[in-house]
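Student: Just so it is clear, I am handing over final_14.tsv, which has TSV, C-alpha atoms.
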```tsv
chain	number	residue	atom	x	y	z
K	1	MET	CA	92.64	114.14	-89.16
K	2	ALA	CA	92.86	117.55	-90.84
K	3	ALA	CA	89.09	117.60	-91.33
K	4	LEU	CA	88.53	116.70	-87.69
K	5	LEU	CA	90.90	119.43	-86.55
K	6	ALA	CA	89.18	121.97	-88.77
K	7	ALA	CA	85.82	120.93	-87.34
K	8	THR	CA	87.05	121.77	-83.83
K	9	GLY	CA	88.26	125.18	-84.94
K	10	ILE	CA	91.97	124.56	-84.39
K	11	SER	CA	93.42	124.87	-87.85
K	12	GLY	CA	97.03	125.94	-88.03
K	13	VAL	CA	96.21	129.20	-89.83
K	14	ALA	CA	93.67	130.31	-87.22
K	15	GLN	CA	95.97	129.40	-84.38
K	16	ALA	CA	99.04	131.10	-85.75
K	17	GLN	CA	97.23	134.41	-85.34
K	18	ASN	CA	96.12	133.96	-81.75
K	19	VAL	CA	96.92	130.80	-79.79
K	20	ARG	CA	94.76	130.54	-76.71
K	21	GLY	CA	96.67	129.84	-73.52
K	22	VAL	CA	100.02	130.68	-75.12
K	23	THR	CA	101.96	133.95	-74.92
K	24	LYS	CA	105.59	134.77	-75.59
K	25	SER	CA	106.37	133.95	-71.97
K	26	GLU	CA	103.96	131.24	-70.82
K	27	ILE	CA	101.74	128.25	-71.56
K	28	VAL	CA	98.58	127.91	-69.45
K	29	ILE	CA	97.43	124.40	-68.52
K	30	GLY	CA	94.18	123.64	-66.68
K	31	MET	CA	93.17	120.83	-64.36
K	32	HIS	CA	89.83	120.11	-62.69
K	33	THR	CA	90.22	117.61	-59.88
K	34	ASP	CA	89.23	116.79	-56.31
K	35	LEU	CA	91.15	118.74	-53.67
K	36	SER	CA	88.68	118.45	-50.79
K	37	GLY	CA	86.23	115.61	-51.46
K	38	VAL	CA	86.16	111.82	-51.30
K	39	ALA	CA	88.90	111.41	-53.94
K	40	ALA	CA	91.17	114.19	-52.69
K	41	SER	CA	94.06	111.79	-52.08
K	42	TYR	CA	94.28	111.40	-55.86
K	43	GLY	CA	93.55	115.00	-56.78
K	44	VAL	CA	95.96	116.62	-54.33
K	45	SER	CA	98.84	114.28	-55.09
K	46	SER	CA	98.41	114.28	-58.87
K	47	SER	CA	98.18	118.09	-59.04
K	48	ASN	CA	101.13	118.48	-56.66
K	49	ALA	CA	103.24	116.13	-58.76
K	50	MET	CA	102.37	117.93	-61.99
K	51	ARG	CA	103.22	121.26	-60.42
K	52	MET	CA	106.55	119.89	-59.16
K	53	GLN	CA	107.56	118.76	-62.66
K	54	PHE	CA	106.49	122.03	-64.24
K	55	ASP	CA	108.28	124.05	-61.55
K	56	LYS	CA	111.45	122.11	-62.29
K	57	VAL	CA	111.23	122.86	-66.00
K	58	ASN	CA	110.38	126.50	-65.32
K	59	ALA	CA	113.41	126.87	-63.06
K	60	GLU	CA	115.56	125.64	-65.95
K	61	GLY	CA	114.15	128.28	-68.32
K	62	GLY	CA	110.90	126.69	-69.44
K	63	ILE	CA	110.05	125.16	-72.81
K	64	HIS	CA	111.49	127.18	-75.69
K	65	GLY	CA	111.57	130.17	-73.37
K	66	ARG	CA	108.00	129.79	-72.09
K	67	LYS	CA	107.10	128.97	-68.48
K	68	ILE	CA	104.24	126.57	-67.77
K	69	ARG	CA	101.47	127.89	-65.53
K	70	LEU	CA	99.17	125.25	-64.05
K	71	ILE	CA	95.72	126.35	-62.85
K	72	VAL	CA	93.97	123.77	-60.65
K	73	GLU	CA	90.27	123.96	-59.79
K	74	ASP	CA	88.61	121.92	-57.02
K	75	THR	CA	85.56	119.86	-57.99
K	76	GLN	CA	85.09	118.12	-54.62
K	77	TYR	CA	84.48	115.08	-56.85
K	78	GLN	CA	81.07	116.46	-57.84
K	79	VAL	CA	80.07	116.55	-61.51
K	80	PRO	CA	78.26	119.95	-61.36
K	81	ARG	CA	81.35	121.48	-59.76
K	82	ALA	CA	83.52	119.89	-62.47
K	83	VAL	CA	81.38	121.57	-65.13
K	84	GLN	CA	81.66	124.88	-63.30
K	85	ALA	CA	85.43	124.50	-62.89
K	86	ALA	CA	85.93	123.55	-66.52
K	87	ASN	CA	83.87	126.50	-67.71
K	88	LYS	CA	86.15	128.82	-65.74
K	89	LEU	CA	89.29	127.21	-67.14
K	90	ILE	CA	87.95	127.26	-70.70
K	91	ASN	CA	86.27	130.65	-70.85
K	92	ARG	CA	88.05	132.82	-68.29
K	93	ASP	CA	91.54	131.35	-68.05
K	94	LYS	CA	91.69	130.47	-71.77
K	95	ILE	CA	93.79	127.36	-71.13
K	96	PHE	CA	95.90	125.76	-73.85
K	97	LEU	CA	95.12	122.22	-72.75
K	98	MET	CA	93.43	120.23	-69.95
K	99	ALA	CA	95.60	117.70	-68.11
K	100	GLY	CA	95.05	115.09	-65.42
K	101	ALA	CA	91.36	115.84	-64.90
K	102	LEU	CA	89.94	113.44	-62.32
K	103	GLY	CA	86.90	111.22	-62.71
K	104	THR	CA	85.00	109.51	-65.51
K	105	PRO	CA	81.63	111.32	-65.29
K	106	HIS	CA	83.43	114.58	-64.56
K	107	ASN	CA	85.45	114.39	-67.79
K	108	ASN	CA	82.50	113.17	-69.84
K	109	ALA	CA	80.38	116.07	-68.62
K	110	VAL	CA	82.77	118.74	-69.90
K	111	PHE	CA	84.04	117.18	-73.13
K	112	ALA	CA	81.50	118.86	-75.41
K	113	GLU	CA	82.29	122.40	-74.21
K	114	GLN	CA	85.99	121.69	-73.99
K	115	PHE	CA	86.30	120.25	-77.47
K	116	LYS	CA	84.14	122.99	-78.95
K	117	ALA	CA	86.84	125.37	-77.72
K	118	GLY	CA	89.56	123.22	-79.32
K	119	ILE	CA	91.21	122.24	-76.02
K	120	PRO	CA	93.04	118.87	-75.87
K	121	ASN	CA	92.37	116.49	-72.98
K	122	ILE	CA	95.58	114.78	-71.83
K	123	ASN	CA	95.81	111.79	-69.49
K	124	PRO	CA	92.68	112.13	-67.36
K	125	VAL	CA	92.91	110.34	-64.00
K	126	THR	CA	90.50	107.59	-64.92
K	127	ALA	CA	91.02	104.45	-66.98
K	128	ALA	CA	87.56	104.45	-68.55
K	129	ARG	CA	87.48	103.73	-72.27
K	130	SER	CA	85.46	106.90	-72.91
K	131	MET	CA	88.67	108.84	-72.33
K	132	PHE	CA	89.92	107.66	-75.72
K	133	GLU	CA	86.86	106.10	-77.40
K	134	PRO	CA	85.34	107.01	-79.73
K	135	PHE	CA	88.43	108.45	-81.37
K	136	HIS	CA	88.65	112.23	-81.20
K	137	PRO	CA	91.58	114.42	-82.28
K	138	LEU	CA	91.64	116.06	-78.84
K	139	LYS	CA	91.44	112.93	-76.65
K	140	PHE	CA	94.70	111.36	-75.42
K	141	GLN	CA	95.26	108.71	-72.77
K	142	ALA	CA	98.58	107.03	-71.98
K	143	ILE	CA	97.60	103.96	-69.98
K	144	SER	CA	95.47	100.90	-70.53
K	145	SER	CA	91.84	100.80	-69.45
K	146	TYR	CA	89.87	99.18	-66.63
K	147	TYR	CA	88.48	96.88	-69.31
K	148	ASP	CA	92.01	95.86	-70.33
K	149	HIS	CA	93.05	95.37	-66.70
K	150	ILE	CA	90.23	93.02	-65.77
K	151	ARG	CA	90.49	90.98	-68.98
K	152	ALA	CA	94.25	90.51	-68.71
K	153	GLY	CA	93.97	89.72	-65.00
K	154	ILE	CA	91.30	87.08	-65.51
K	155	LYS	CA	93.22	85.45	-68.34
K	156	TYR	CA	96.49	85.24	-66.41
K	157	VAL	CA	95.08	84.04	-63.09
K	158	ALA	CA	92.64	81.57	-64.65
K	159	GLU	CA	95.36	79.98	-66.76
K	160	LYS	CA	98.04	80.03	-64.06
K	161	ASN	CA	95.85	78.72	-61.24
K	162	GLY	CA	93.54	76.49	-63.28
K	163	ARG	CA	90.38	78.43	-62.51
K	164	LYS	CA	87.24	77.46	-64.44
K	165	LYS	CA	84.26	79.02	-62.66
K	166	ILE	CA	84.42	82.76	-63.16
K	167	CYS	CA	82.15	85.15	-61.26
K	168	THR	CA	82.00	88.90	-60.78
K	169	LEU	CA	81.08	91.41	-58.10
K	170	TYR	CA	80.85	94.93	-59.46
K	171	GLN	CA	79.56	98.37	-58.55
K	172	ASP	CA	76.11	99.16	-59.86
K	173	THR	CA	77.50	102.18	-61.74
K	174	ASP	CA	78.76	103.00	-65.23
K	175	PHE	CA	82.25	102.10	-63.99
K	176	GLY	CA	81.03	98.72	-62.77
K	177	LYS	CA	79.24	98.01	-66.02
K	178	GLU	CA	82.50	98.54	-67.90
K	179	ILE	CA	84.09	95.88	-65.69
K	180	LEU	CA	81.14	93.55	-66.29
K	181	GLU	CA	81.59	93.93	-70.03
K	182	GLY	CA	85.26	93.03	-69.69
K	183	VAL	CA	84.39	89.94	-67.65
K	184	GLN	CA	81.74	88.86	-70.14
K	185	ASP	CA	84.06	89.32	-73.11
K	186	GLN	CA	86.97	87.49	-71.47
K	187	THR	CA	84.97	84.50	-70.28
K	188	LYS	CA	83.50	84.21	-73.77
K	189	ALA	CA	86.98	84.41	-75.33
K	190	MET	CA	88.21	81.64	-73.02
K	191	ASN	CA	85.07	79.55	-73.52
K	192	LEU	CA	84.41	79.59	-69.77
K	193	PRO	CA	81.05	80.14	-68.07
K	194	LEU	CA	80.24	83.33	-66.19
K	195	VAL	CA	78.79	81.39	-63.30
K	196	GLU	CA	77.42	84.23	-61.20
K	197	ALA	CA	77.25	88.02	-61.11
K	198	THR	CA	76.22	90.29	-58.27
K	199	THR	CA	76.42	94.01	-57.55
K	200	ASN	CA	77.00	96.50	-54.76
K	201	LYS	CA	76.31	100.18	-54.25
K	202	PRO	CA	79.39	102.43	-53.89
K	203	ALA	CA	78.49	103.25	-50.28
K	204	ASP	CA	77.79	99.66	-49.16
K	205	THR	CA	79.64	98.49	-46.06
K	206	ASP	CA	78.24	94.96	-45.65
K	207	PHE	CA	79.17	92.45	-48.34
K	208	THR	CA	77.99	89.29	-46.56
K	209	ALA	CA	75.07	88.67	-48.91
K	210	GLN	CA	77.11	89.14	-52.09
K	211	ILE	CA	80.01	86.96	-50.93
K	212	THR	CA	77.64	84.24	-49.71
K	213	LYS	CA	75.91	84.23	-53.09
K	214	LEU	CA	79.21	83.87	-54.96
K	215	ARG	CA	80.50	81.18	-52.61
K	216	ASN	CA	77.30	79.16	-52.94
K	217	ALA	CA	77.66	79.35	-56.73
K	218	GLY	CA	81.01	77.54	-56.49
K	219	CYS	CA	83.09	80.37	-57.96
K	220	ASP	CA	86.85	79.82	-58.03
K	221	LEU	CA	87.75	83.25	-59.50
K	222	VAL	CA	85.92	86.49	-58.71
K	223	ALA	CA	86.52	89.58	-60.85
K	224	LEU	CA	85.98	92.79	-58.87
K	225	GLY	CA	84.52	95.99	-60.26
K	226	ALA	CA	85.62	97.69	-57.06
K	227	ILE	CA	87.42	100.91	-56.21
K	228	VAL	CA	89.19	101.25	-52.83
K	229	ARG	CA	86.88	100.72	-49.89
K	230	ASP	CA	84.65	98.14	-51.56
K	231	ALA	CA	87.70	96.15	-52.70
K	232	ILE	CA	88.93	95.96	-49.10
K	233	LEU	CA	85.52	95.12	-47.69
K	234	ALA	CA	84.53	92.51	-50.28
K	235	TYR	CA	87.84	90.67	-50.19
K	236	GLY	CA	88.09	90.96	-46.42
K	237	THR	CA	84.58	89.56	-45.99
K	238	ALA	CA	85.44	86.48	-48.06
K	239	ARG	CA	88.53	85.79	-45.99
K	240	LYS	CA	86.69	86.34	-42.67
K	241	MET	CA	84.11	83.81	-43.83
K	242	GLY	CA	86.90	81.31	-44.42
K	243	TRP	CA	86.50	81.31	-48.18
K	244	THR	CA	90.08	80.83	-49.27
K	245	ASP	CA	89.91	78.39	-52.21
K	246	VAL	CA	89.14	81.25	-54.60
K	247	ASP	CA	91.12	84.00	-56.33
K	248	PHE	CA	89.98	87.63	-56.50
K	249	VAL	CA	91.14	89.87	-59.35
K	250	SER	CA	90.56	93.62	-59.44
K	251	GLN	CA	91.72	96.50	-61.66
K	252	SER	CA	93.45	99.87	-61.36
K	253	ALA	CA	90.61	101.59	-59.48
K	254	SER	CA	91.81	99.39	-56.58
K	255	PHE	CA	95.49	100.11	-57.27
K	256	ASP	CA	96.06	102.24	-54.20
K	257	GLN	CA	98.46	101.61	-51.33
K	258	ILE	CA	95.48	102.04	-48.99
K	259	VAL	CA	94.21	98.73	-50.37
K	260	ALA	CA	97.55	96.94	-50.06
K	261	SER	CA	98.15	98.11	-46.50
K	262	ALA	CA	94.64	97.39	-45.17
K	263	PRO	CA	94.73	96.65	-41.41
K	264	GLY	CA	95.39	93.08	-40.37
K	265	GLY	CA	96.53	92.04	-43.83
K	266	ALA	CA	92.89	92.00	-44.94
K	267	THR	CA	93.80	92.12	-48.64
K	268	GLU	CA	96.76	89.74	-48.72
K	269	GLY	CA	96.72	87.72	-51.94
K	270	LEU	CA	94.43	90.01	-53.94
K	271	TYR	CA	95.40	90.32	-57.62
K	272	VAL	CA	95.18	93.73	-59.31
K	273	GLY	CA	95.73	94.62	-62.96
K	274	ALA	CA	97.05	98.13	-63.63
K	275	GLY	CA	98.65	100.29	-66.30
K	276	THR	CA	101.44	101.80	-64.23
K	277	VAL	CA	104.23	100.90	-61.82
K	278	MET	CA	103.72	101.24	-58.06
K	279	PRO	CA	107.05	102.58	-56.72
K	280	TYR	CA	108.45	102.11	-53.22
K	281	ARG	CA	111.25	104.24	-51.84
K	282	ASP	CA	113.36	101.39	-50.46
K	283	THR	CA	113.43	99.52	-53.79
K	284	ALA	CA	113.59	102.54	-56.12
K	285	ASP	CA	116.43	103.25	-58.52
K	286	ALA	CA	118.36	106.52	-58.24
K	287	THR	CA	116.00	108.48	-60.51
K	288	VAL	CA	112.82	107.42	-58.72
K	289	ALA	CA	114.43	107.81	-55.30
K	290	ALA	CA	115.38	111.41	-56.16
K	291	TRP	CA	111.84	112.06	-57.38
K	292	TRP	CA	110.40	110.56	-54.18
K	293	ASP	CA	112.64	112.63	-51.94
K	294	ALA	CA	111.93	115.83	-53.89
K	295	TYR	CA	108.17	115.29	-53.59
K	296	LYS	CA	108.37	114.58	-49.87
K	297	ALA	CA	110.60	117.60	-49.27
K	298	LYS	CA	108.25	119.88	-51.20
K	299	PHE	CA	104.90	118.64	-49.90
K	300	GLY	CA	105.71	117.00	-46.56
K	301	SER	CA	104.32	113.55	-47.37
K	302	ASP	CA	105.27	110.46	-49.34
K	303	PRO	CA	103.98	110.33	-52.92
K	304	ASN	CA	101.14	107.93	-53.68
K	305	ILE	CA	99.88	106.47	-56.95
K	306	GLY	CA	98.19	109.78	-57.75
K	307	ALA	CA	101.61	111.41	-57.73
K	308	VAL	CA	102.79	108.79	-60.23
K	309	TYR	CA	99.90	109.66	-62.55
K	310	GLY	CA	100.59	113.38	-62.20
K	311	THR	CA	104.31	112.99	-62.83
K	312	ASN	CA	103.79	110.86	-65.91
K	313	THR	CA	101.25	113.32	-67.32
K	314	ALA	CA	103.48	116.33	-66.76
K	315	ASN	CA	106.53	114.64	-68.28
K	316	LEU	CA	104.59	113.51	-71.35
K	317	ILE	CA	103.29	117.05	-71.88
K	318	ILE	CA	106.79	118.49	-71.45
K	319	THR	CA	108.11	116.04	-74.05
K	320	ALA	CA	105.39	116.96	-76.55
K	321	LEU	CA	105.78	120.71	-75.98
K	322	ASP	CA	109.50	120.43	-76.59
K	323	LYS	CA	108.93	118.47	-79.80
K	324	ALA	CA	106.29	120.97	-80.98
K	325	GLY	CA	108.92	123.70	-81.23
K	326	LYS	CA	109.00	127.40	-80.45
K	327	ASP	CA	106.18	128.37	-82.83
K	328	LEU	CA	103.59	126.60	-80.68
K	329	THR	CA	100.05	125.94	-81.86
K	330	THR	CA	97.52	123.35	-80.78
K	331	GLU	CA	97.89	121.58	-84.11
K	332	LYS	CA	101.68	121.38	-83.72
K	333	PHE	CA	101.30	120.12	-80.15
K	334	LEU	CA	98.90	117.38	-81.26
K	335	LYS	CA	101.22	116.31	-84.07
K	336	ALA	CA	104.14	116.28	-81.65
K	337	LEU	CA	102.23	114.08	-79.23
K	338	GLU	CA	101.18	111.78	-82.06
K	339	SER	CA	104.83	111.43	-83.11
K	340	ILE	CA	105.93	110.00	-79.74
K	341	GLN	CA	107.14	106.42	-80.10
K	342	GLY	CA	108.96	104.10	-77.72
K	343	TYR	CA	108.37	106.38	-74.75
K	344	ARG	CA	108.73	105.00	-71.23
K	345	ASP	CA	108.05	106.86	-67.99
K	346	ILE	CA	110.65	107.25	-65.23
K	347	PHE	CA	109.05	104.43	-63.22
K	348	GLY	CA	109.53	101.84	-65.97
K	349	GLY	CA	105.92	101.45	-67.05
K	350	PRO	CA	104.75	100.01	-70.38
K	351	VAL	CA	106.19	101.58	-73.54
K	352	LEU	CA	103.93	104.22	-75.07
K	353	ASN	CA	103.37	104.62	-78.80
K	354	PHE	CA	101.02	107.22	-80.26
K	355	GLY	CA	100.05	107.98	-83.84
K	356	PRO	CA	97.69	110.09	-85.99
K	357	ASP	CA	94.94	107.52	-85.49
K	358	LYS	CA	96.16	106.12	-82.17
K	359	HIS	CA	95.61	108.25	-79.09
K	360	LEU	CA	95.92	105.44	-76.52
K	361	GLY	CA	99.58	105.00	-75.60
K	362	THR	CA	99.30	101.33	-74.67
K	363	ASN	CA	96.79	98.65	-73.80
K	364	GLU	CA	99.38	96.56	-71.95
K	365	VAL	CA	98.70	95.57	-68.36
K	366	LEU	CA	100.93	94.97	-65.36
K	367	LEU	CA	99.63	92.37	-62.92
K	368	TYR	CA	100.23	92.71	-59.20
K	369	GLN	CA	99.51	90.66	-56.13
K	370	ILE	CA	99.34	92.08	-52.62
K	371	GLN	CA	102.09	90.46	-50.59
K	372	LYS	CA	103.05	91.58	-47.07
K	373	GLY	CA	101.21	94.85	-47.45
K	374	ARG	CA	102.68	95.81	-50.83
K	375	PHE	CA	101.82	95.53	-54.50
K	376	VAL	CA	104.30	93.07	-55.97
K	377	GLN	CA	104.41	92.82	-59.76
K	378	ILE	CA	104.10	89.17	-60.73
K	379	ALA	CA	103.57	89.45	-64.48
K	380	GLY	CA	103.49	91.83	-67.39
K	381	PRO	CA	103.28	93.61	-69.61
K	382	LEU	CA	100.26	91.44	-70.47
K	383	LYS	CA	97.61	91.44	-73.16
K	384	TYR	CA	94.59	89.20	-73.54
```
Output the file's structure in the form of structure tokens.

Tutor:
Amino acid sequence: MAALLAATGISGVAQAQNVRGVTKSEIVIGMHTDLSGVAASYGVSSSNAMRMQFDKVNAEGGIHGRKIRLIVEDTQYQVPRAVQAANKLINRDKIFLMAGALGTPHNNAVFAEQFKAGIPNINPVTAARSMFEPFHPLKFQAISSYYDHIRAGIKYVAEKNGRKKICTLYQDTDFGKEILEGVQDQTKAMNLPLVEATTNKPADTDFTAQITKLRNAGCDLVALGAIVRDAILAYGTARKMGWTDVDFVSQSASFDQIVASAPGGATEGLYVGAGTVMPYRDTADATVAAWWDAYKAKFGSDPNIGAVYGTNTANLIITALDKAGKDLTTEKFLKALESIQGYRDIFGGPVLNFGPDKHLGTNEVLLYQIQKGRFVQIAGPLKY
């Protein structure tokens, strides 16, 4: 670990002299995300939620006397804009760390420059394995991966419902290929055949051909490498065609209330594996209800799952900054984060445990089913 830290130029001696993004009065945190593009519902809510948590801490005096300043740059969910935004945050704003950055290719595109500058990447808003693999001293992710979600979901539903003919429909993208790998590995582990596989483009709106192909193959469980719209359309197409003697399992890219509340109950019965809790105001405990009301009062809308991600990221950072102490350096922050054990977020998600060689908080999965327009947790935490 020490050698890796030295290789990134963040040794304790060098930092003690001049810690980038840290002054006597503030800590500067950066975030590149989508505020005006196709994924803005995630970017706006996650950045709002992070800001709300930091504002609360700042109003109480900050962390060891320092206020947290969050700088958010809009990528419009475009990789070139993410690179441009990250360069600004790294080179002009001199951020201490990057938090809650949205998108798999967007994060991957800036890692080299970011890590060269010795800037940690904390809880990106993507569950791709590249956010924590291969191991890097500056990569941290709290929640389980898409790969974990689909494997745990297949295992649970296949065993519970007696499914034997597993198929998959996945996006023809790097994201979709990660889902395919999870499906292949899980069917192999369960000694079950992968009966059929078919793909879709992210912008597809007609899934008749794919669903017909899967139905003709006799599938009784379909694993979805889908995000939001394609999850609704694929599942809805199957039900409109009268194909009901089959289960569909998706993963956290589909874990959005937009999916659960699709018009006409189009997604009723869909299973989704995820790494976090989906809160609802009318069933929340006092802590979550207060958080919900504070968010709505501040931003004029109900929080969504993006706000959950942002809140959890901010609170984890606050915890690590507090543990790092007043004499803050990047090395001390990393060690503080690595020392966190038995940590649970305010929503009651899986317990997080980090370590010097463990920068993924958990690989446990919560399994949901859409019932009456809501995500209802039916099992978990699960492993495979």

Student: Would you be able to write out as a VMD selection string which residues have an atom within 10 Å of (84.8, 95.8, -65.4) in the file's coordinates, counting only C-alpha atoms?

Tutor: chain K and resid 128 145 to 151 168 to 171 174 to 184 223 to 226 250 to 251

Student: Kindly give the distance, in Å, that separates atom CA of K:Arg66 and atom CA of K:Gln341, rounded to a single decimal.

Tutor: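 We find that atom CA of K:Arg66 and atom CA of K:Gln341 lie 24.7 Å from each other.
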
Student: How far is it from atom CA of K:Arg163 to atom CA of K:Leu214, in Å with one decimal?

Tutor: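 Separation of atom CA of K:Arg163 and atom CA of K:Leu214: 14.5 Å.
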
Student: Figure out the distance between atom CA of K:Gly264 and atom CA of K:Gly300, please, to one decimal in Å.

Tutor: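 Computing the Euclidean distance for atom CA of K:Gly300 and atom CA of K:Gly264 yields 26.8 Å.
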
Student: When you look at K:Val228 with a cut-off of 8 Å (counting all atoms listed in the file), what residues show up, excluding the ones that are within fewer than 2 positions of it in the same chain? I need them as JSON, numbers by chain.

Tutor: {"K": [226, 230, 231, 232, 253, 254, 255, 256, 258, 259]}

Student: List every residue of stretch 103-214 of chain K that has an atom at most 10 Å from any atom of stretch 323-334 of chain K, and for each one report the closest atom pair and its distance in Å to one decimal, counting all atoms listed in the file, with rows sorted by chain and then by increasing residue number, as a Markdown table.

Tutor:
```
| residue | atom | partner | partner_atom | distance |
| --- | --- | --- | --- | --- |
| K:Gly118 | CA | K:Thr330 | CA | 8.1 |
| K:Ile119 | CA | K:Thr330 | CA | 8.0 |
| K:Pro120 | CA | K:Thr330 | CA | 8.0 |
| K:Pro137 | CA | K:Leu334 | CA | 8.0 |
| K:Leu138 | CA | K:Leu334 | CA | 7.8 |
| K:Lys139 | CA | K:Leu334 | CA | 9.8 |
| K:Phe140 | CA | K:Leu334 | CA | 9.4 |
```

Student: Could the residues of stretch 342-362 of chain K that have an atom at most 12 Å from stretch 372-380 of chain K be listed as CSV, each with its closest atom pair and the distance in Å to one decimal, counting all atoms listed in the file and ordered by chain and ascending residue number?

Tutor:
```
residue,atom,partner,partner_atom,distance
K:Gly348,CA,K:Gly380,CA,11.8
K:Gly349,CA,K:Gly380,CA,9.9
K:Pro350,CA,K:Gly380,CA,8.8
K:Val351,CA,K:Gly380,CA,11.8
```

Student: How would the residues just chosen look if you wrote them out with C-alpha atoms as an mmCIF file, in the coordinates of the input?

Tutor:
```cif
data_model
loop_
_atom_site.group_PDB
_atom_site.id
_atom_site.type_symbol
_atom_site.label_atom_id
_atom_site.label_comp_id
_atom_site.auth_asym_id
_atom_site.auth_seq_id
_atom_site.Cartn_x
_atom_site.Cartn_y
_atom_site.Cartn_z
ATOM 1 C CA GLY K 348 109.530 101.840 -65.970
ATOM 2 C CA GLY K 349 105.920 101.450 -67.050
ATOM 3 C CA PRO K 350 104.750 100.010 -70.380
ATOM 4 C CA VAL K 351 106.190 101.580 -73.540
#
```

Student: Between K:Gln141, K:Gln84, K:Asn91, K:Asn191, which residue has the minimum interatomic distance to K:Lys164, considering all atoms listed in the file?

Tutor: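 That would be K:Asn191, the residue with the smallest distance to K:Lys164.
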
Student: Considering only C-alpha atoms, can you say which of K:Thr212, K:Asn18, K:Thr267, K:Thr311 comes closest to K:Lys56?

Tutor: K:Thr311

Student: Point out the residue among K:Ala152, K:Ala82, K:Ala314, K:Ile346 with the least atom-to-atom distance to K:Leu70, counting all atoms listed in the file.

Tutor: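 Ranked by minimum distance to K:Leu70, first place goes to K:Ala314.
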
Student: What are the closest atom pairs, with distances in Å to one decimal, for each residue of stretch 250-340 of chain K lying within 8 Å of stretch 97-106 of chain K, using all atoms listed in the file, rows by chain and rising residue number, as a Markdown table?

Tutor:
```
| residue | atom | partner | partner_atom | distance |
| --- | --- | --- | --- | --- |
| K:Tyr309 | CA | K:Gly100 | CA | 7.8 |
| K:Gly310 | CA | K:Gly100 | CA | 6.6 |
| K:Thr313 | CA | K:Gly100 | CA | 6.7 |
```

Student: Give me, as a compact mmCIF listing (two decimals) with C-alpha atoms, keeping the file's coordinate frame, all polymer residues having an atom no more than 10 Å from K:Ile154, counting all atoms listed in the file and skipping those fewer than 5 positions away in the same chain.

Tutor:
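Full text of result.txt as output:
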```txt
# COMPACT_ATOMS: atom_id res chain seq x y z
CA HIS K 149 93.05 95.37 -66.70
CA GLU K 159 95.36 79.98 -66.76
CA LYS K 160 98.04 80.03 -64.06
CA ARG K 163 90.38 78.43 -62.51
CA ILE K 166 84.42 82.76 -63.16
CA GLY K 182 85.26 93.03 -69.69
CA VAL K 183 84.39 89.94 -67.65
CA GLN K 186 86.97 87.49 -71.47
CA THR K 187 84.97 84.50 -70.28
CA MET K 190 88.21 81.64 -73.02
CA LEU K 221 87.75 83.25 -59.50
CA VAL K 222 85.92 86.49 -58.71
CA ALA K 223 86.52 89.58 -60.85
CA ASP K 247 91.12 84.00 -56.33
CA PHE K 248 89.98 87.63 -56.50
CA VAL K 249 91.14 89.87 -59.35
CA SER K 250 90.56 93.62 -59.44
CA TYR K 271 95.40 90.32 -57.62
CA VAL K 272 95.18 93.73 -59.31
CA GLY K 273 95.73 94.62 -62.96
CA TYR K 384 94.59 89.20 -73.54
```

Student: Quick one: everything within 9 Å of K:Gly218, counting only C-alpha atoms, minus sequence neighbours fewer than 4 positions away in the same chain. Send it as a PyMOL selection string.

Tutor: chain K and resi 165+195-196+214

Student: For those residues, write C-alpha atoms to a file as a PDB file, in the coordinates of the input.

Tutor:
```
ATOM      1  CA  LYS K 165      84.260  79.020 -62.660  1.00  0.00           C
ATOM      2  CA  VAL K 195      78.790  81.390 -63.300  1.00  0.00           C
ATOM      3  CA  GLU K 196      77.420  84.230 -61.200  1.00  0.00           C
ATOM      4  CA  LEU K 214      79.210  83.870 -54.960  1.00  0.00           C
TER       5      LEU K 214
END
```

Student: Using only C-alpha atoms, pick whichever of K:Asn58, K:Ser301, K:Thr23, K:Ser36 has the shortest atom-to-atom distance to K:Ile95.

Tutor: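 When distances to K:Ile95 are compared using only C-alpha atoms, the smallest one comes from K:Thr23.
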
Student: Go ahead and find all residues with at least one atom no further than 9 Å from (102.7, 129.7, -72.3) in the file's coordinates, using all atoms listed in the file; report them as a PyMOL selection string.

Tutor: chain K and resi 21-29+63+65-69+96+328
